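A.B. asks: Quick one: the structure is below, questions incoming.
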Amino acid sequence: MEKTYYDPADLKKFGNVAEFGPELAGKFFDYYGDVFKEGALTAREKSLIALAVAHTIQCPYCIDAYTSDSLEKGSTEQQMMEAVHVATAIRGGASLVHGVQMMNKVKKLSM
Amino acid sequence: MGAEAMIKSLQARHHDLADQTTQLNILSNGIFKEGLLPTFADKIAPLGHFPLKPSKIEIFQVNVGYMCNQVCKHCHVDAGPDRKEIMTRETMQQCLDVIANTGIHTLDLTGGAPEMNPDFRWFVVEANKRGVREIIVRSNLTIILANPKYHDLPGFFKENKVRVVSSLPFYQAAKTDRQRGQGVFERSIKALEMLNAVGYGKEGSGLTLDLVYNPSGAFLPGNQAELEKDFKKELKEHFDIDFNGLFTITNMPISRFLEFLVRTENYEEYMEKLVMAFNPAAVAGVMCRNTISIDYDGYMYDCDFNQMLGLKVAKDAGQHIREFDIKKLEDRSIAINQHCYGCTAGAGSSCQGTVA
């Protein structure tokens, strides 16, 4: 086993997951490819969403891939940082909004 | 990253990578020699394209000199104000004589800033007199504002029905200036306004103004049609600029871009990216198959990139314009090396944009 959990070289081996289960991998990669095709959203917009999600789930592979991809699609650095802030706002907001739950409980328990 | 004072050419800095042999050594050895990545020859052989052969020679791309008013960080020519190589009128005459006697229909003028050659206007006027179907000038835009003697270039281009092809790596200042120099974006926009004012890029004018996008770093260009849409929208909305087409061009791992790749430790990953993106369908459309590149001294090359690497056309095809023999040239084998992956990645890349 490697000494670290993450190796940047593993990103290029993503497709190798088919080795242990080709059928599901095939379905996943077909779906993946279709998801990122230009549709009602442009390919550039989809790449920015992927970049934001990558930061939410803190996936280093995805951050690597969608930073390059966003640059290739012509996104600006400001747009990329704004996407990260959207992820951050939702993520932080998701914690904060539970404060209401905490308050509800406090109010129920308190005299 | 970050804007800074104008850099000098690799040549003026006596940089190792100003030397063509050093560049070719890097491209031929390392990851390719070790077999970690296939060579370009290995990649095109199974497709029946090795040795790579021309189709029909239709375009003369003439590099009239390496002098330029800009020093762009990615420049494959290593051009700049300190470069003195310049084509003489005599060599231009030889090019015109060849064009008159062949089916070559396009004269594509490049540099450096081609407009800085003192015989540039003479060359364009003469080419027009001889009925060359299309004259392309690869203008860096800022030259139009660099000196009062260039301010009338848009009018000159119009009179001579020149097709103007200009680099603008992004529709915003920051990315453009980081690559091409401080203030370049603002001056490019002014030049575009001047070109628009005489009709370039305007519907129905018959005057074509194309822009060239290249990535501002070690990544590949995105989809040409989508980037064109973005450029059109942004340039219209913010600067009221019109243009015809956008060509996406992949940065070639030679000269100043190679220096950047090596210095920032991006070289191996960039080459891997190019190899991974190899598109068999792009091979047939590579520009070296229908273009001859000529240097300031009259020597011929398979493309402008090979010119900068000093890879002349095959010896038995005749290497100087005075020996021009279309039969021999169309029968030659094209010189290739690993930089050629730049033209076959993704949708392919050429001086006319994508090819596949």
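Chains: A, B, ... in order of the structure tokens. Residues: from 1 per chain. Ligands: from 1, in order shown.
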Against chain B, which residues of chain A fall within 9 Å? For each one I want the closest pair of atoms and the distance in Å (one decimal), counting only C-alpha atoms, rows by chain and increasing residue number, as a Markdown table.
C.D. replies:
```
| residue | atom | partner | partner_atom | distance |
| --- | --- | --- | --- | --- |
| A:Thr42 | CA | B:Glu226 | CA | 8.4 |
| A:Ala43 | CA | B:Glu226 | CA | 8.5 |
| A:Arg44 | CA | B:Glu226 | CA | 8.6 |
| A:Ser68 | CA | B:Phe219 | CA | 6.6 |
| A:Asp69 | CA | B:Gly222 | CA | 8.3 |
| A:Leu71 | CA | B:Phe219 | CA | 7.4 |
| A:Glu72 | CA | B:Gly222 | CA | 4.7 |
| A:Lys73 | CA | B:Gly222 | CA | 4.7 |
| A:Gly74 | CA | B:Leu227 | CA | 6.7 |
| A:Thr76 | CA | B:Lys175 | CA | 8.4 |
```
A.B. asks: Env of Ser139 (chain B): 10 Å cut, atoms = only C-alpha atoms, seq-sep filter 5 positions within chain, self excluded. Answer as a PyMOL selection string.
C.D. replies: chain B and resi 109-115+144+163-167+211
A.B. asks: Would you compute the distance between CA of Gly346 (chain B) and CA of Asp64 (chain A)? Give it in Å to one decimal.
C.D. replies: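 Rounded to one decimal, the two atoms are 19.3 Å apart.
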A.B. asks: For Ile49 (chain A), list every protein, DNA or RNA residue within 8 Å, evaluated using only C-alpha atoms, and leave out those in the same chain fewer than 4 positions away; present the list as a ChimeraX atom specification.
C.D. replies: /A:45,53,83
A.B. asks: Rounded to one decimal place, report the CA of Gly245 (chain B)-CA of Gln338 (chain B) distance in Å.
C.D. replies: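 Pair CA of Gly245 (chain B) / CA of Gln338 (chain B) returns 28.9 Å.
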A.B. asks: Within 7 Å of Arg180 (chain B), counting only C-alpha atoms, which residues show up once you throw out same-chain ones fewer than 3 positions away? Write them as a list in words, please.
C.D. replies: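 The residues satisfying every condition are Gln70, Val71, Cys72, Lys73, Thr176, Asp177 and Val184 of chain B.
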A.B. asks: Pick from B:Val286, B:Cys351, B:Met271, B:Met67: nearest to Ile249 (chain B), with only C-alpha atoms counted?
C.D. replies: B:Cys351
A.B. asks: Interatomic distance between CA of Asn63 (chain B) and CA of Tyr296 (chain B)?
C.D. replies: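 Atom-to-atom, CA of Asn63 (chain B) to CA of Tyr296 (chain B), that is 6.0 Å.
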A.B. asks: Excluding same-chain residues fewer than 3 positions from Glu272 (chain B), what lies within 10 Å of it counting only C-alpha atoms, as a PyMOL selection string?
C.D. replies: chain B and resi 31+36-38+267-269+275-278+341
A.B. asks: Can you list, as a PyMOL selection string, every residue of region 188-258 of chain B that DSSP puts in alpha helix (DSSP H)?
C.D. replies: chain B and resi 188-197+224-239+255-258
A.B. asks: Pull N, CA and C atoms from the residues just selected and write them as a PDB file, in the first residue's frame.
C.D. replies:
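Result file follows (again.pdb):
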```pdb
ATOM      1  N   SER B 188      -5.217  46.866 -27.706  1.00  0.00           N
ATOM      2  CA  SER B 188      -5.818  45.960 -28.694  1.00  0.00           C
ATOM      3  C   SER B 188      -7.263  46.353 -28.958  1.00  0.00           C
ATOM      4  N   ILE B 189      -7.972  46.740 -27.899  1.00  0.00           N
ATOM      5  CA  ILE B 189      -9.372  47.151 -28.062  1.00  0.00           C
ATOM      6  C   ILE B 189      -9.438  48.422 -28.926  1.00  0.00           C
ATOM      7  N   LYS B 190      -8.525  49.347 -28.684  1.00  0.00           N
ATOM      8  CA  LYS B 190      -8.496  50.573 -29.505  1.00  0.00           C
ATOM      9  C   LYS B 190      -8.251  50.229 -30.966  1.00  0.00           C
ATOM     10  N   ALA B 191      -7.309  49.319 -31.201  1.00  0.00           N
ATOM     11  CA  ALA B 191      -6.998  48.909 -32.581  1.00  0.00           C
ATOM     12  C   ALA B 191      -8.209  48.228 -33.217  1.00  0.00           C
ATOM     13  N   LEU B 192      -8.911  47.419 -32.425  1.00  0.00           N
ATOM     14  CA  LEU B 192     -10.109  46.749 -32.952  1.00  0.00           C
ATOM     15  C   LEU B 192     -11.173  47.781 -33.310  1.00  0.00           C
ATOM     16  N   GLU B 193     -11.278  48.814 -32.488  1.00  0.00           N
ATOM     17  CA  GLU B 193     -12.231  49.892 -32.799  1.00  0.00           C
ATOM     18  C   GLU B 193     -11.867  50.561 -34.133  1.00  0.00           C
ATOM     19  N   MET B 194     -10.575  50.772 -34.344  1.00  0.00           N
ATOM     20  CA  MET B 194     -10.130  51.395 -35.596  1.00  0.00           C
ATOM     21  C   MET B 194     -10.418  50.486 -36.792  1.00  0.00           C
ATOM     22  N   LEU B 195     -10.246  49.183 -36.596  1.00  0.00           N
ATOM     23  CA  LEU B 195     -10.539  48.236 -37.685  1.00  0.00           C
ATOM     24  C   LEU B 195     -12.039  48.182 -37.946  1.00  0.00           C
ATOM     25  N   ASN B 196     -12.828  48.157 -36.889  1.00  0.00           N
ATOM     26  CA  ASN B 196     -14.288  48.182 -37.030  1.00  0.00           C
ATOM     27  C   ASN B 196     -14.736  49.456 -37.749  1.00  0.00           C
ATOM     28  N   ALA B 197     -14.077  50.568 -37.429  1.00  0.00           N
ATOM     29  CA  ALA B 197     -14.477  51.866 -37.991  1.00  0.00           C
ATOM     30  C   ALA B 197     -14.361  51.905 -39.516  1.00  0.00           C
ATOM     31  N   GLN B 224     -14.086  25.606 -29.786  1.00  0.00           N
ATOM     32  CA  GLN B 224     -13.935  26.848 -30.560  1.00  0.00           C
ATOM     33  C   GLN B 224     -15.251  27.606 -30.717  1.00  0.00           C
ATOM     34  N   ALA B 225     -16.309  26.877 -31.045  1.00  0.00           N
ATOM     35  CA  ALA B 225     -17.597  27.539 -31.293  1.00  0.00           C
ATOM     36  C   ALA B 225     -18.124  28.192 -30.008  1.00  0.00           C
ATOM     37  N   GLU B 226     -17.950  27.491 -28.878  1.00  0.00           N
ATOM     38  CA  GLU B 226     -18.448  28.056 -27.617  1.00  0.00           C
ATOM     39  C   GLU B 226     -17.645  29.264 -27.176  1.00  0.00           C
ATOM     40  N   LEU B 227     -16.318  29.174 -27.342  1.00  0.00           N
ATOM     41  CA  LEU B 227     -15.482  30.330 -26.985  1.00  0.00           C
ATOM     42  C   LEU B 227     -15.800  31.519 -27.888  1.00  0.00           C
ATOM     43  N   GLU B 228     -16.068  31.224 -29.161  1.00  0.00           N
ATOM     44  CA  GLU B 228     -16.422  32.308 -30.092  1.00  0.00           C
ATOM     45  C   GLU B 228     -17.695  33.010 -29.619  1.00  0.00           C
ATOM     46  N   LYS B 229     -18.646  32.212 -29.176  1.00  0.00           N
ATOM     47  CA  LYS B 229     -19.902  32.795 -28.657  1.00  0.00           C
ATOM     48  C   LYS B 229     -19.624  33.727 -27.478  1.00  0.00           C
ATOM     49  N   ASP B 230     -18.809  33.235 -26.537  1.00  0.00           N
ATOM     50  CA  ASP B 230     -18.455  34.046 -25.356  1.00  0.00           C
ATOM     51  C   ASP B 230     -17.733  35.331 -25.770  1.00  0.00           C
ATOM     52  N   PHE B 231     -16.753  35.201 -26.658  1.00  0.00           N
ATOM     53  CA  PHE B 231     -15.983  36.369 -27.107  1.00  0.00           C
ATOM     54  C   PHE B 231     -16.902  37.395 -27.771  1.00  0.00           C
ATOM     55  N   LYS B 232     -17.798  36.893 -28.642  1.00  0.00           N
ATOM     56  CA  LYS B 232     -18.685  37.826 -29.365  1.00  0.00           C
ATOM     57  C   LYS B 232     -19.570  38.585 -28.395  1.00  0.00           C
ATOM     58  N   LYS B 233     -20.129  37.851 -27.448  1.00  0.00           N
ATOM     59  CA  LYS B 233     -21.041  38.462 -26.481  1.00  0.00           C
ATOM     60  C   LYS B 233     -20.292  39.488 -25.633  1.00  0.00           C
ATOM     61  N   GLU B 234     -19.179  39.085 -25.073  1.00  0.00           N
ATOM     62  CA  GLU B 234     -18.445  39.955 -24.141  1.00  0.00           C
ATOM     63  C   GLU B 234     -17.862  41.180 -24.844  1.00  0.00           C
ATOM     64  N   LEU B 235     -17.257  40.960 -26.021  1.00  0.00           N
ATOM     65  CA  LEU B 235     -16.630  42.100 -26.707  1.00  0.00           C
ATOM     66  C   LEU B 235     -17.684  43.090 -27.203  1.00  0.00           C
ATOM     67  N   LYS B 236     -18.845  42.570 -27.578  1.00  0.00           N
ATOM     68  CA  LYS B 236     -19.925  43.457 -28.034  1.00  0.00           C
ATOM     69  C   LYS B 236     -20.477  44.244 -26.851  1.00  0.00           C
ATOM     70  N   GLU B 237     -20.794  43.490 -25.788  1.00  0.00           N
ATOM     71  CA  GLU B 237     -21.428  44.108 -24.624  1.00  0.00           C
ATOM     72  C   GLU B 237     -20.559  45.181 -23.969  1.00  0.00           C
ATOM     73  N   HIS B 238     -19.296  44.866 -23.790  1.00  0.00           N
ATOM     74  CA  HIS B 238     -18.423  45.765 -23.015  1.00  0.00           C
ATOM     75  C   HIS B 238     -17.665  46.772 -23.860  1.00  0.00           C
ATOM     76  N   PHE B 239     -17.403  46.449 -25.128  1.00  0.00           N
ATOM     77  CA  PHE B 239     -16.553  47.358 -25.925  1.00  0.00           C
ATOM     78  C   PHE B 239     -17.149  47.688 -27.295  1.00  0.00           C
ATOM     79  N   SER B 255      10.170  27.034 -27.908  1.00  0.00           N
ATOM     80  CA  SER B 255      10.603  28.404 -27.631  1.00  0.00           C
ATOM     81  C   SER B 255      10.122  28.933 -26.280  1.00  0.00           C
ATOM     82  N   ARG B 256       9.486  30.119 -26.258  1.00  0.00           N
ATOM     83  CA  ARG B 256       9.158  30.733 -24.965  1.00  0.00           C
ATOM     84  C   ARG B 256       8.105  29.951 -24.179  1.00  0.00           C
ATOM     85  N   PHE B 257       7.184  29.288 -24.880  1.00  0.00           N
ATOM     86  CA  PHE B 257       6.200  28.498 -24.136  1.00  0.00           C
ATOM     87  C   PHE B 257       6.876  27.260 -23.527  1.00  0.00           C
ATOM     88  N   LEU B 258       7.836  26.690 -24.246  1.00  0.00           N
ATOM     89  CA  LEU B 258       8.595  25.562 -23.700  1.00  0.00           C
ATOM     90  C   LEU B 258       9.377  26.026 -22.469  1.00  0.00           C
TER      91      LEU B 258
END
```
A.B. asks: With only C-alpha atoms as the atoms that count, which of B:Ile294, B:His151, B:Ala284, B:Thr21 lies nearest to Gly348 (chain B)?
C.D. replies: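 The shortest atom-to-atom distance to Gly348 (chain B) comes from B:Ala284.
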A.B. asks: Write out as a PyMOL selection string all residues of region 10-177 of chain B that backbone DSSP assigns to strand (DSSP E or B).
C.D. replies: chain B and resi 59-63+65+67+80+86+106-110+134-139+163-167
